[in-house]
file coords_28.cif (mmCIF, C-alpha atoms)
data_upload
#
loop_
_atom_site.group_PDB
_atom_site.id
_atom_site.type_symbol
_atom_site.label_atom_id
_atom_site.label_comp_id
_atom_site.auth_asym_id
_atom_site.auth_seq_id
_atom_site.Cartn_x
_atom_site.Cartn_y
_atom_site.Cartn_z
ATOM 1 C CA MET K 1 74.232 105.927 116.837
ATOM 2 C CA SER K 2 70.962 104.372 117.944
ATOM 3 C CA ILE K 3 71.943 100.698 117.887
ATOM 4 C CA ARG K 4 73.900 99.475 120.896
ATOM 5 C CA LEU K 5 76.977 97.247 120.948
ATOM 6 C CA PRO K 6 75.322 94.445 123.014
ATOM 7 C CA GLN K 7 72.541 94.293 120.426
ATOM 8 C CA LEU K 8 75.097 93.875 117.658
ATOM 9 C CA CYS K 9 76.930 91.169 119.628
ATOM 10 C CA ARG K 10 73.716 89.109 119.810
ATOM 11 C CA MET K 11 73.158 89.349 116.071
ATOM 12 C CA ARG K 12 73.995 86.529 113.656
ATOM 13 C CA GLN K 13 77.753 86.646 112.979
ATOM 14 C CA SER K 14 77.723 87.514 109.291
ATOM 15 C CA ARG K 15 80.719 89.375 107.830
ATOM 16 C CA VAL K 16 78.727 92.618 107.821
ATOM 17 C CA CYS K 17 77.804 92.198 111.497
ATOM 18 C CA ARG K 18 81.385 91.434 112.474
ATOM 19 C CA PHE K 19 82.474 94.538 110.568
ATOM 20 C CA LEU K 20 79.938 96.717 112.396
ATOM 21 C CA VAL K 21 81.099 95.359 115.742
ATOM 22 C CA ALA K 22 84.700 96.138 114.826
ATOM 23 C CA VAL K 23 83.752 99.687 113.847
ATOM 24 C CA LEU K 24 81.905 100.247 117.119
ATOM 25 C CA LEU K 25 84.812 98.858 119.114
ATOM 26 C CA GLY K 26 87.116 101.307 117.410
ATOM 27 C CA MET K 27 84.836 104.314 117.636
ATOM 28 C CA THR K 28 83.475 103.858 121.175
ATOM 29 C CA GLY K 29 86.498 102.525 123.008
ATOM 30 C CA GLY K 30 84.812 99.160 123.566
ATOM 31 C CA GLY K 31 87.866 97.152 122.550
ATOM 32 C CA CYS K 32 90.053 95.208 124.958
ATOM 33 C CA LEU K 33 93.349 96.981 124.204
ATOM 34 C CA SER K 34 94.634 99.017 127.129
ATOM 35 C CA ALA K 35 95.916 102.544 126.701
ATOM 36 C CA PRO K 36 99.628 102.582 125.832
ATOM 37 C CA THR K 37 102.109 103.946 128.322
ATOM 38 C CA SER K 38 104.962 104.717 125.914
ATOM 39 C CA PRO K 39 106.754 108.086 126.118
ATOM 40 C CA ARG K 40 105.267 110.956 124.165
ATOM 41 C CA PRO K 41 106.281 110.683 120.483
ATOM 42 C CA GLN K 42 109.028 113.011 119.303
ATOM 43 C CA LEU K 43 110.006 114.246 115.869
ATOM 44 C CA ILE K 44 113.603 113.081 115.446
ATOM 45 C CA GLY K 45 116.058 114.766 113.104
ATOM 46 C CA ASP K 46 115.749 117.543 110.550
ATOM 47 C CA GLY K 47 114.319 117.223 107.093
ATOM 48 C CA ARG K 48 111.111 116.306 105.307
ATOM 49 C CA PRO K 49 108.766 115.167 108.094
ATOM 50 C CA VAL K 50 107.153 111.723 108.052
ATOM 51 C CA LEU K 51 104.941 110.062 110.658
ATOM 52 C CA PHE K 52 104.834 106.264 110.964
ATOM 53 C CA ILE K 53 101.704 104.757 112.566
ATOM 54 C CA GLY K 54 101.607 101.038 113.282
ATOM 55 C CA ASN K 55 102.697 98.269 115.622
ATOM 56 C CA SER K 56 105.594 95.893 116.271
ATOM 57 C CA TYR K 57 106.185 95.425 112.542
ATOM 58 C CA LEU K 58 107.647 98.940 112.712
ATOM 59 C CA TYR K 59 109.480 99.048 116.014
ATOM 60 C CA THR K 60 110.984 95.544 116.294
ATOM 61 C CA GLN K 61 113.985 96.611 114.202
ATOM 62 C CA ASP K 62 113.135 100.345 114.062
ATOM 63 C CA VAL K 63 112.144 100.387 110.398
ATOM 64 C CA PRO K 64 111.432 104.171 110.494
ATOM 65 C CA GLY K 65 114.901 104.780 111.925
ATOM 66 C CA ILE K 66 116.500 102.678 109.178
ATOM 67 C CA VAL K 67 114.658 104.669 106.499
ATOM 68 C CA GLN K 68 115.947 107.869 108.068
ATOM 69 C CA ALA K 69 119.508 106.509 108.276
ATOM 70 C CA MET K 70 119.378 105.534 104.599
ATOM 71 C CA ALA K 71 118.343 109.066 103.673
ATOM 72 C CA ASP K 72 121.191 110.434 105.799
ATOM 73 C CA SER K 73 123.715 108.160 104.080
ATOM 74 C CA ALA K 74 122.536 109.066 100.578
ATOM 75 C CA GLY K 75 123.505 112.692 101.081
ATOM 76 C CA GLY K 76 120.338 114.124 99.555
ATOM 77 C CA ASP K 77 116.976 114.800 101.160
ATOM 78 C CA LYS K 78 116.936 114.278 104.915
ATOM 79 C CA LEU K 79 113.952 112.949 106.831
ATOM 80 C CA ALA K 80 112.573 113.987 110.207
ATOM 81 C CA VAL K 81 110.826 110.929 111.625
ATOM 82 C CA MET K 82 108.149 110.338 114.254
ATOM 83 C CA THR K 83 106.765 106.907 115.162
ATOM 84 C CA VAL K 84 103.505 106.110 116.953
ATOM 85 C CA ALA K 85 103.475 102.313 117.315
ATOM 86 C CA PHE K 86 101.985 100.114 120.031
ATOM 87 C CA PRO K 87 101.842 96.298 120.425
ATOM 88 C CA ASP K 88 99.011 94.544 118.552
ATOM 89 C CA TYR K 89 97.447 97.808 117.372
ATOM 90 C CA ALA K 90 95.396 97.991 114.208
ATOM 91 C CA LEU K 91 94.807 101.369 112.603
ATOM 92 C CA ILE K 92 91.290 101.594 114.030
ATOM 93 C CA ASP K 93 92.845 101.200 117.500
ATOM 94 C CA HIS K 94 95.173 104.121 116.770
ATOM 95 C CA TRP K 95 92.219 106.188 115.589
ATOM 96 C CA ASN K 96 90.352 105.456 118.809
ATOM 97 C CA GLU K 97 93.370 105.957 121.115
ATOM 98 C CA GLY K 98 94.077 109.390 119.664
ATOM 99 C CA THR K 99 97.846 109.930 119.922
ATOM 100 C CA ALA K 100 98.447 109.605 116.175
ATOM 101 C CA ARG K 101 95.537 111.906 115.374
ATOM 102 C CA SER K 102 96.823 114.577 117.739
ATOM 103 C CA GLN K 103 100.290 114.446 116.169
ATOM 104 C CA ILE K 104 98.819 114.827 112.671
ATOM 105 C CA ALA K 105 97.065 117.978 113.892
ATOM 106 C CA LYS K 106 100.236 119.389 115.522
ATOM 107 C CA HIS K 107 102.817 118.809 112.781
ATOM 108 C CA ALA K 108 103.000 119.592 109.076
ATOM 109 C CA PHE K 109 103.926 116.064 107.993
ATOM 110 C CA GLU K 110 104.651 115.468 104.334
ATOM 111 C CA TRP K 111 103.727 111.794 104.581
ATOM 112 C CA VAL K 112 101.871 109.640 107.107
ATOM 113 C CA VAL K 113 102.739 105.953 106.810
ATOM 114 C CA LEU K 114 99.870 103.667 107.852
ATOM 115 C CA GLN K 115 100.556 100.057 108.864
ATOM 116 C CA GLN K 116 98.659 97.247 110.527
ATOM 117 C CA GLY K 117 98.833 93.461 110.109
ATOM 118 C CA PRO K 118 98.607 91.792 106.688
ATOM 119 C CA SER K 119 94.805 92.283 106.559
ATOM 120 C CA SER K 120 94.234 89.408 104.168
ATOM 121 C CA VAL K 121 90.863 88.353 105.628
ATOM 122 C CA GLU K 122 87.718 90.295 104.765
ATOM 123 C CA LEU K 123 87.039 91.845 108.183
ATOM 124 C CA ASN K 124 90.597 93.122 108.561
ATOM 125 C CA ARG K 125 90.577 94.396 104.993
ATOM 126 C CA ASP K 126 87.352 96.298 105.671
ATOM 127 C CA THR K 127 88.681 97.924 108.839
ATOM 128 C CA LEU K 128 92.001 98.741 107.132
ATOM 129 C CA ARG K 129 90.123 100.582 104.401
ATOM 130 C CA LEU K 130 87.812 102.311 106.875
ATOM 131 C CA ALA K 131 90.633 103.497 109.141
ATOM 132 C CA THR K 132 92.689 104.637 106.152
ATOM 133 C CA LYS K 133 89.804 106.832 105.023
ATOM 134 C CA LEU K 134 89.376 108.257 108.521
ATOM 135 C CA PHE K 135 93.052 109.137 108.783
ATOM 136 C CA ALA K 136 93.121 110.538 105.249
ATOM 137 C CA ASP K 137 90.208 112.830 106.084
ATOM 138 C CA GLU K 138 92.059 113.967 109.215
ATOM 139 C CA MET K 139 95.135 114.756 107.126
ATOM 140 C CA ALA K 140 93.051 116.723 104.648
ATOM 141 C CA ASN K 141 91.405 118.702 107.448
ATOM 142 C CA THR K 142 94.621 119.626 109.248
ATOM 143 C CA GLY K 143 97.298 119.897 106.571
ATOM 144 C CA ASN K 144 98.691 118.519 103.364
ATOM 145 C CA ALA K 145 100.131 115.188 104.499
ATOM 146 C CA ARG K 146 99.731 112.337 102.035
ATOM 147 C CA PRO K 147 98.845 108.844 103.289
ATOM 148 C CA ALA K 148 101.288 106.048 102.444
ATOM 149 C CA LEU K 149 100.196 102.447 102.961
ATOM 150 C CA PHE K 150 102.832 100.036 104.333
ATOM 151 C CA SER K 151 101.932 96.743 102.639
ATOM 152 C CA ALA K 152 102.610 94.275 105.463
ATOM 153 C CA TRP K 153 103.748 90.671 105.036
ATOM 154 C CA PRO K 154 101.742 87.766 106.527
ATOM 155 C CA ASN K 155 102.924 85.308 109.148
ATOM 156 C CA ALA K 156 105.521 82.797 107.923
ATOM 157 C CA SER K 157 102.979 79.987 108.326
ATOM 158 C CA ARG K 158 100.543 81.857 106.030
ATOM 159 C CA ARG K 159 102.722 82.668 103.060
ATOM 160 C CA GLN K 160 99.788 81.805 100.813
ATOM 161 C CA ASP K 161 98.186 85.051 102.064
ATOM 162 C CA PHE K 162 100.728 87.359 100.418
ATOM 163 C CA THR K 163 98.550 87.988 97.351
ATOM 164 C CA ARG K 164 95.455 88.961 99.329
ATOM 165 C CA ALA K 165 97.467 91.015 101.813
ATOM 166 C CA ILE K 166 99.035 92.983 98.973
ATOM 167 C CA GLU K 167 95.608 93.453 97.418
ATOM 168 C CA SER K 168 94.183 94.831 100.689
ATOM 169 C CA TYR K 169 96.800 97.564 100.946
ATOM 170 C CA THR K 170 96.561 98.326 97.238
ATOM 171 C CA LEU K 171 92.820 98.912 97.633
ATOM 172 C CA ALA K 172 93.296 101.045 100.752
ATOM 173 C CA ALA K 173 95.870 103.233 99.000
ATOM 174 C CA ALA K 174 93.614 103.649 95.961
ATOM 175 C CA ASP K 175 90.655 104.611 98.174
ATOM 176 C CA VAL K 176 92.433 107.778 99.328
ATOM 177 C CA ASN K 177 94.717 108.526 96.372
ATOM 178 C CA GLY K 178 97.574 107.515 98.627
ATOM 179 C CA ILE K 179 101.001 106.021 98.042
ATOM 180 C CA LEU K 180 101.451 102.255 98.126
ATOM 181 C CA LEU K 181 104.658 101.167 99.844
ATOM 182 C CA PRO K 182 104.990 97.650 98.339
ATOM 183 C CA VAL K 183 106.980 96.088 101.166
ATOM 184 C CA ALA K 184 105.343 92.648 100.914
ATOM 185 C CA SER K 185 105.991 92.618 97.158
ATOM 186 C CA GLY K 186 109.613 93.466 97.936
ATOM 187 C CA TRP K 187 109.859 90.394 100.160
ATOM 188 C CA LEU K 188 108.512 88.196 97.356
ATOM 189 C CA ALA K 189 110.927 89.749 94.867
ATOM 190 C CA ALA K 190 113.834 89.081 97.222
ATOM 191 C CA TRP K 191 112.839 85.426 97.624
ATOM 192 C CA ASP K 192 112.578 85.131 93.840
ATOM 193 C CA ARG K 193 116.252 86.078 93.737
ATOM 194 C CA VAL K 194 117.464 84.058 96.737
ATOM 195 C CA SER K 195 114.871 81.686 98.164
ATOM 196 C CA THR K 196 116.849 81.051 101.373
ATOM 197 C CA LEU K 197 116.867 84.671 102.577
ATOM 198 C CA GLN K 198 115.864 84.857 106.240
ATOM 199 C CA LEU K 199 113.504 87.826 106.284
ATOM 200 C CA TYR K 200 111.581 86.748 109.404
ATOM 201 C CA GLU K 201 113.021 86.953 112.891
ATOM 202 C CA ASP K 202 110.397 84.825 114.629
ATOM 203 C CA GLY K 203 107.828 83.927 111.980
ATOM 204 C CA LEU K 204 106.112 87.313 112.209
ATOM 205 C CA HIS K 205 108.509 90.171 112.902
ATOM 206 C CA PRO K 206 111.277 91.130 110.488
ATOM 207 C CA SER K 207 114.853 90.045 110.861
ATOM 208 C CA LYS K 208 117.478 92.719 110.264
ATOM 209 C CA GLU K 209 117.419 91.697 106.600
ATOM 210 C CA GLY K 210 113.631 91.936 106.451
ATOM 211 C CA ALA K 211 113.612 95.341 108.118
ATOM 212 C CA TYR K 212 116.425 96.578 105.878
ATOM 213 C CA LEU K 213 114.421 95.497 102.827
ATOM 214 C CA ALA K 214 111.250 97.175 104.124
ATOM 215 C CA ALA K 215 113.214 100.382 104.667
ATOM 216 C CA LEU K 216 114.702 100.208 101.165
ATOM 217 C CA VAL K 217 111.222 100.028 99.645
ATOM 218 C CA ILE K 218 109.940 102.930 101.748
ATOM 219 C CA TYR K 219 113.007 105.068 101.059
ATOM 220 C CA ALA K 220 112.779 104.478 97.306
ATOM 221 C CA GLN K 221 109.032 105.057 97.065
ATOM 222 C CA LEU K 222 108.809 108.185 99.216
ATOM 223 C CA LEU K 223 111.897 109.924 97.868
ATOM 224 C CA GLY K 224 111.762 108.589 94.295
ATOM 225 C CA LYS K 225 115.379 107.518 94.462
ATOM 226 C CA SER K 226 116.984 104.215 93.600
ATOM 227 C CA PRO K 227 118.026 102.178 96.647
ATOM 228 C CA VAL K 228 120.846 100.537 94.707
ATOM 229 C CA GLY K 229 124.198 101.493 96.143
ATOM 230 C CA LEU K 230 123.006 102.391 99.640
ATOM 231 C CA PRO K 231 125.357 101.205 102.389
ATOM 232 C CA ALA K 232 124.990 97.688 103.783
ATOM 233 C CA THR K 233 125.466 99.018 107.312
ATOM 234 C CA VAL K 234 123.488 101.927 108.765
ATOM 235 C CA ARG K 235 123.142 103.358 112.249
ATOM 236 C CA THR K 236 119.892 104.916 113.377
ATOM 237 C CA HIS K 237 119.546 108.090 115.404
ATOM 238 C CA GLY K 238 118.501 105.828 118.270
ATOM 239 C CA GLY K 239 121.839 104.024 118.185
ATOM 240 C CA LEU K 240 120.755 100.770 116.509
ATOM 241 C CA THR K 241 123.240 99.392 113.990
ATOM 242 C CA ILE K 242 121.849 97.334 111.120
ATOM 243 C CA ALA K 243 124.641 95.442 109.388
ATOM 244 C CA ILE K 244 123.868 93.312 106.314
ATOM 245 C CA SER K 245 126.422 91.352 104.325
ATOM 246 C CA PRO K 246 127.337 93.235 101.116
ATOM 247 C CA ASN K 247 126.081 90.436 98.860
ATOM 248 C CA THR K 248 122.753 90.188 100.672
ATOM 249 C CA ALA K 249 122.379 93.967 100.724
ATOM 250 C CA ALA K 250 122.898 94.060 96.953
ATOM 251 C CA THR K 251 120.195 91.414 96.476
ATOM 252 C CA LEU K 252 117.752 93.280 98.701
ATOM 253 C CA GLN K 253 118.466 96.585 96.962
ATOM 254 C CA ASP K 254 117.858 94.984 93.568
ATOM 255 C CA ALA K 255 114.547 93.534 94.781
ATOM 256 C CA ALA K 256 113.410 96.874 96.216
ATOM 257 C CA ALA K 257 114.329 98.716 93.012
ATOM 258 C CA ALA K 258 112.382 96.181 90.955
ATOM 259 C CA VAL K 259 109.086 96.619 92.844
ATOM 260 C CA ILE K 260 109.418 100.432 92.718
ATOM 261 C CA ASN K 261 110.400 100.307 89.023
ATOM 262 C CA LEU K 262 113.631 102.206 89.598
ATOM 263 C CA PRO K 263 117.049 101.378 88.104
#
call {"tool": "encode", "arguments": {"input": "coords_28.cif", "output": "structure tokens"}}
result
Amino acid sequence: MSIRLPQLCRMRQSRVCRFLVAVLLGMTGGGCLSAPTSPRPQLIGDGRPVLFIGNSYLYTQDVPGIVQAMADSAGGDKLAVMTVAFPDYALIDHWNEGTARSQIAKHAFEWVVLQQGPSSVELNRDTLRLATKLFADEMANTGNARPALFSAWPNASRRQDFTRAIESYTLAAADVNGILLPVASGWLAAWDRVSTLQLYEDGLHPSKEGAYLAALVIYAQLLGKSPVGLPATVRTHGGLTIAISPNTAATLQDAAAAVINLP
């Protein structure tokens, strides 16, 4: 590329210019995120393999592990799960860092779940869509994995951003003929049923209830099975126990089934 990053940084800060800077940061390693030092990712369990790529939205309550535990409890299809998730990472950061890409090349994943922040503003929406296309091309080149977009919820102080956040992930999924995992819509559906549900832990990350609901939506959408009737308490392969009151679990299951259009 003939144009240099410092030249772009001196340009007028239009949305297009900010987008180009973001792309160059992702592609050239010019961003400020340091390389992660987490252990090498491992494929956990036996079953249909799924890779989760994202950040603390995923690992705060081990959403991938809860999805896997739900599949175990249902007695049908099992899931083998791998997670590549680092603090504050967007998908373009994962593309640049390389761990997720190398795992896609090594394993015959059936699905690759892609998650970043809510992406309600234009620049984040643009980079979400760009990175989704890059990862989808990588999947097509190395196997038959299908991209699945984890529709992330906004910060508790920005609940007005739900509509645009949902739209961003809907567009990204459509760009690559991927699967939309309507997690944010599931949160709204749950609040429609019980407005006092505490789905946030700290205003950003999910509480156990929020993570349980996210996992219900993912389980139902990937496996095409109703989440109604799943146990209120599950234990992940990593030893985390998620225990939800039976009444709350029933509400969350009903909300997840509604956004997936399953009975």
call {"tool": "closest_atom_pairs", "arguments": {"input": "coords_28.cif", "of": "segment 112-153 of chain K", "to": "segment 158-174 of chain K", "cutoff": "9 Å", "atoms": "all atoms listed in the file", "output": "Markdown table"}}
result
| residue | atom | partner | partner_atom | distance |
| --- | --- | --- | --- | --- |
| K:Gly117 | CA | K:Ala165 | CA | 8.8 |
| K:Pro118 | CA | K:Ala165 | CA | 5.1 |
| K:Ser119 | CA | K:Ala165 | CA | 5.6 |
| K:Ser120 | CA | K:Ala165 | CA | 4.3 |
| K:Val121 | CA | K:Arg164 | CA | 7.8 |
| K:Glu122 | CA | K:Ser168 | CA | 8.9 |
| K:Asn124 | CA | K:Ser168 | CA | 8.8 |
| K:Arg125 | CA | K:Ser168 | CA | 5.6 |
| K:Asp126 | CA | K:Ser168 | CA | 8.6 |
| K:Leu128 | CA | K:Ala172 | CA | 6.9 |
| K:Arg129 | CA | K:Ala172 | CA | 4.9 |
| K:Leu130 | CA | K:Ala172 | CA | 8.3 |
| K:Thr132 | CA | K:Ala172 | CA | 6.5 |
| K:Lys133 | CA | K:Ala172 | CA | 8.0 |
| K:Pro147 | CA | K:Ala173 | CA | 7.7 |
| K:Ala148 | CA | K:Ala173 | CA | 7.0 |
| K:Leu149 | CA | K:Ala173 | CA | 5.9 |
| K:Phe150 | CA | K:Tyr169 | CA | 7.3 |
| K:Ser151 | CA | K:Tyr169 | CA | 5.5 |
| K:Ala152 | CA | K:Ala165 | CA | 7.1 |
| K:Trp153 | CA | K:Phe162 | CA | 6.4 |
call {"tool": "write_last_selection", "arguments": {"input": "coords_28.cif", "atoms": "C-alpha atoms", "output": "tab-separated table (two decimals), keeping the file's coordinate frame"}}
result
chain	number	residue	atom	x	y	z
K	117	GLY	CA	98.83	93.46	110.11
K	118	PRO	CA	98.61	91.79	106.69
K	119	SER	CA	94.80	92.28	106.56
K	120	SER	CA	94.23	89.41	104.17
K	121	VAL	CA	90.86	88.35	105.63
K	122	GLU	CA	87.72	90.30	104.76
K	124	ASN	CA	90.60	93.12	108.56
K	125	ARG	CA	90.58	94.40	104.99
K	126	ASP	CA	87.35	96.30	105.67
K	128	LEU	CA	92.00	98.74	107.13
K	129	ARG	CA	90.12	100.58	104.40
K	130	LEU	CA	87.81	102.31	106.88
K	132	THR	CA	92.69	104.64	106.15
K	133	LYS	CA	89.80	106.83	105.02
K	147	PRO	CA	98.84	108.84	103.29
K	148	ALA	CA	101.29	106.05	102.44
K	149	LEU	CA	100.20	102.45	102.96
K	150	PHE	CA	102.83	100.04	104.33
K	151	SER	CA	101.93	96.74	102.64
K	152	ALA	CA	102.61	94.28	105.46
K	153	TRP	CA	103.75	90.67	105.04
call {"tool": "resolve_selection", "arguments": {"input": "coords_28.cif", "expression": "the PyMOL selection byres ((chain K and resi 256) around 8)", "output": "PyMOL selection string"}}
result
chain K and resi 186+189-190+213+216-217+220+227+252-255+257-260
call {"tool": "atom_distance", "arguments": {"input": "coords_28.cif", "atom1": "atom CA of Thr142 of chain K", "atom2": "atom CA of Leu51 of chain K"}}
result
14.1 Å
call {"tool": "residues_around", "arguments": {"input": "coords_28.cif", "residues": "Ile53 of chain K", "least_positions_apart": "5", "cutoff": "9 Å", "atoms": "all atoms listed in the file", "output": "VMD selection string"}}
result
chain K and resid 58 82 to 86 91 94 100 112 to 116
call {"tool": "atom_distance", "arguments": {"input": "coords_28.cif", "atom1": "atom CA of Asp175 of chain K", "atom2": "atom CA of Tyr219 of chain K"}}
result
22.5 Å
call {"tool": "resolve_selection", "arguments": {"input": "coords_28.cif", "expression": "the PyMOL selection byres ((chain K and resi 49) around 12)", "output": "MDAnalysis selection string"}}
result
chainID K and resid 42:48 50:52 64 68 77:83 103:104 107:113 144:146 222:223
call {"tool": "atom_distance", "arguments": {"input": "coords_28.cif", "atom1": "atom CA of Ala211 of chain K", "atom2": "atom CA of Trp191 of chain K"}}
result
14.5 Å
call {"tool": "resolve_selection", "arguments": {"input": "coords_28.cif", "expression": "the PyMOL selection byres ((chain K and resi 236-241) around 9)", "output": "VMD selection string"}}
result
chain K and resid 44 to 45 61 to 62 64 to 70 233 to 235 242 to 243
call {"tool": "write_last_selection", "arguments": {"input": "coords_28.cif", "atoms": "C-alpha atoms", "output": "PDB file, in the coordinates of the input"}}
result
ATOM      1  CA  ILE K  44     113.603 113.081 115.446  1.00  0.00           C
ATOM      2  CA  GLY K  45     116.058 114.766 113.104  1.00  0.00           C
ATOM      3  CA  GLN K  61     113.985  96.611 114.202  1.00  0.00           C
ATOM      4  CA  ASP K  62     113.135 100.345 114.062  1.00  0.00           C
ATOM      5  CA  PRO K  64     111.432 104.171 110.494  1.00  0.00           C
ATOM      6  CA  GLY K  65     114.901 104.780 111.925  1.00  0.00           C
ATOM      7  CA  ILE K  66     116.500 102.678 109.178  1.00  0.00           C
ATOM      8  CA  VAL K  67     114.658 104.669 106.499  1.00  0.00           C
ATOM      9  CA  GLN K  68     115.947 107.869 108.068  1.00  0.00           C
ATOM     10  CA  ALA K  69     119.508 106.509 108.276  1.00  0.00           C
ATOM     11  CA  MET K  70     119.378 105.534 104.599  1.00  0.00           C
ATOM     12  CA  THR K 233     125.466  99.018 107.312  1.00  0.00           C
ATOM     13  CA  VAL K 234     123.488 101.927 108.765  1.00  0.00           C
ATOM     14  CA  ARG K 235     123.142 103.358 112.249  1.00  0.00           C
ATOM     15  CA  ILE K 242     121.849  97.334 111.120  1.00  0.00           C
ATOM     16  CA  ALA K 243     124.641  95.442 109.388  1.00  0.00           C
TER      17      ALA K 243
END
call {"tool": "closest_residue", "arguments": {"input": "coords_28.cif", "among": "K:Ser73, K:Thr99, K:Ser226, K:Ser56", "to": "Arg40 of chain K", "atoms": "all atoms listed in the file"}}
result
K:Thr99
call {"tool": "residues_near_point", "arguments": {"input": "coords_28.cif", "point": "(118.6, 91.7, 106.6)", "cutoff": "8 Å", "atoms": "all atoms listed in the file", "output": "ChimeraX atom specification"}}
result
/K:198-199,207-213,242-244,248-249
call {"tool": "axis_aligned_box", "arguments": {"input": "coords_28.cif", "around": "segment 149-153 of chain K", "padding_each_side": "8 Å", "output": "lines of an AutoDock Vina configuration file"}}
result
center_x = 102.0
center_y = 96.6
center_z = 104.1
size_x = 19.6
size_y = 27.8
size_z = 18.8
call {"tool": "closest_residue", "arguments": {"input": "coords_28.cif", "among": "K:Ala156, K:Val228, K:Met139, K:Ala215", "to": "Tyr200 of chain K", "atoms": "all atoms listed in the file"}}
result
K:Ala156
call {"tool": "closest_residue", "arguments": {"input": "coords_28.cif", "among": "K:Asp137, K:Asp88, K:Glu97, K:Asp202", "to": "Gly178 of chain K", "atoms": "all atoms listed in the file"}}
result
K:Asp137
call {"tool": "closest_residue", "arguments": {"input": "coords_28.cif", "among": "K:Ile218, K:Asn247, K:Ala105, K:Leu134", "to": "Pro182 of chain K", "atoms": "all atoms listed in the file"}}
result
K:Ile218
call {"tool": "build_atoms", "arguments": {"input": "coords_28.cif", "residues": "segment 114-130 of chain K", "atoms": "N, CA and C atoms", "output": "compact mmCIF listing (two decimals), keeping the file's coordinate frame"}}
result
# COMPACT_ATOMS: atom_id res chain seq x y z
N LEU K 114 100.89 104.41 107.12
CA LEU K 114 99.87 103.67 107.85
C LEU K 114 100.14 102.17 107.72
N GLN K 115 100.24 101.48 108.87
CA GLN K 115 100.56 100.06 108.86
C GLN K 115 99.75 99.34 109.94
N GLN K 116 99.17 98.19 109.55
CA GLN K 116 98.66 97.25 110.53
C GLN K 116 99.10 95.86 110.07
N GLY K 117 98.45 94.80 110.54
CA GLY K 117 98.83 93.46 110.11
C GLY K 117 98.55 93.26 108.64
N PRO K 118 98.75 92.03 108.13
CA PRO K 118 98.61 91.79 106.69
C PRO K 118 97.22 92.07 106.13
N SER K 119 96.17 91.90 106.96
CA SER K 119 94.80 92.28 106.56
C SER K 119 94.33 91.52 105.34
N SER K 120 94.63 90.22 105.32
CA SER K 120 94.23 89.41 104.17
C SER K 120 92.80 88.90 104.27
N VAL K 121 92.24 88.81 105.48
CA VAL K 121 90.86 88.35 105.63
C VAL K 121 89.92 89.53 105.47
N GLU K 122 88.65 89.24 105.16
CA GLU K 122 87.72 90.30 104.76
C GLU K 122 87.50 91.33 105.87
N LEU K 123 87.31 90.89 107.11
CA LEU K 123 87.04 91.84 108.18
C LEU K 123 88.21 92.79 108.38
N ASN K 124 89.43 92.26 108.39
CA ASN K 124 90.60 93.12 108.56
C ASN K 124 90.81 94.04 107.36
N ARG K 125 90.49 93.53 106.17
CA ARG K 125 90.58 94.40 104.99
C ARG K 125 89.59 95.55 105.12
N ASP K 126 88.37 95.25 105.54
CA ASP K 126 87.35 96.30 105.67
C ASP K 126 87.77 97.37 106.68
N THR K 127 88.30 96.94 107.83
CA THR K 127 88.68 97.92 108.84
C THR K 127 89.94 98.68 108.43
N LEU K 128 90.84 98.03 107.69
CA LEU K 128 92.00 98.74 107.13
C LEU K 128 91.53 99.88 106.23
N ARG K 129 90.59 99.57 105.35
CA ARG K 129 90.12 100.58 104.40
C ARG K 129 89.35 101.69 105.12
N LEU K 130 88.55 101.31 106.11
CA LEU K 130 87.81 102.31 106.88
C LEU K 130 88.76 103.24 107.62
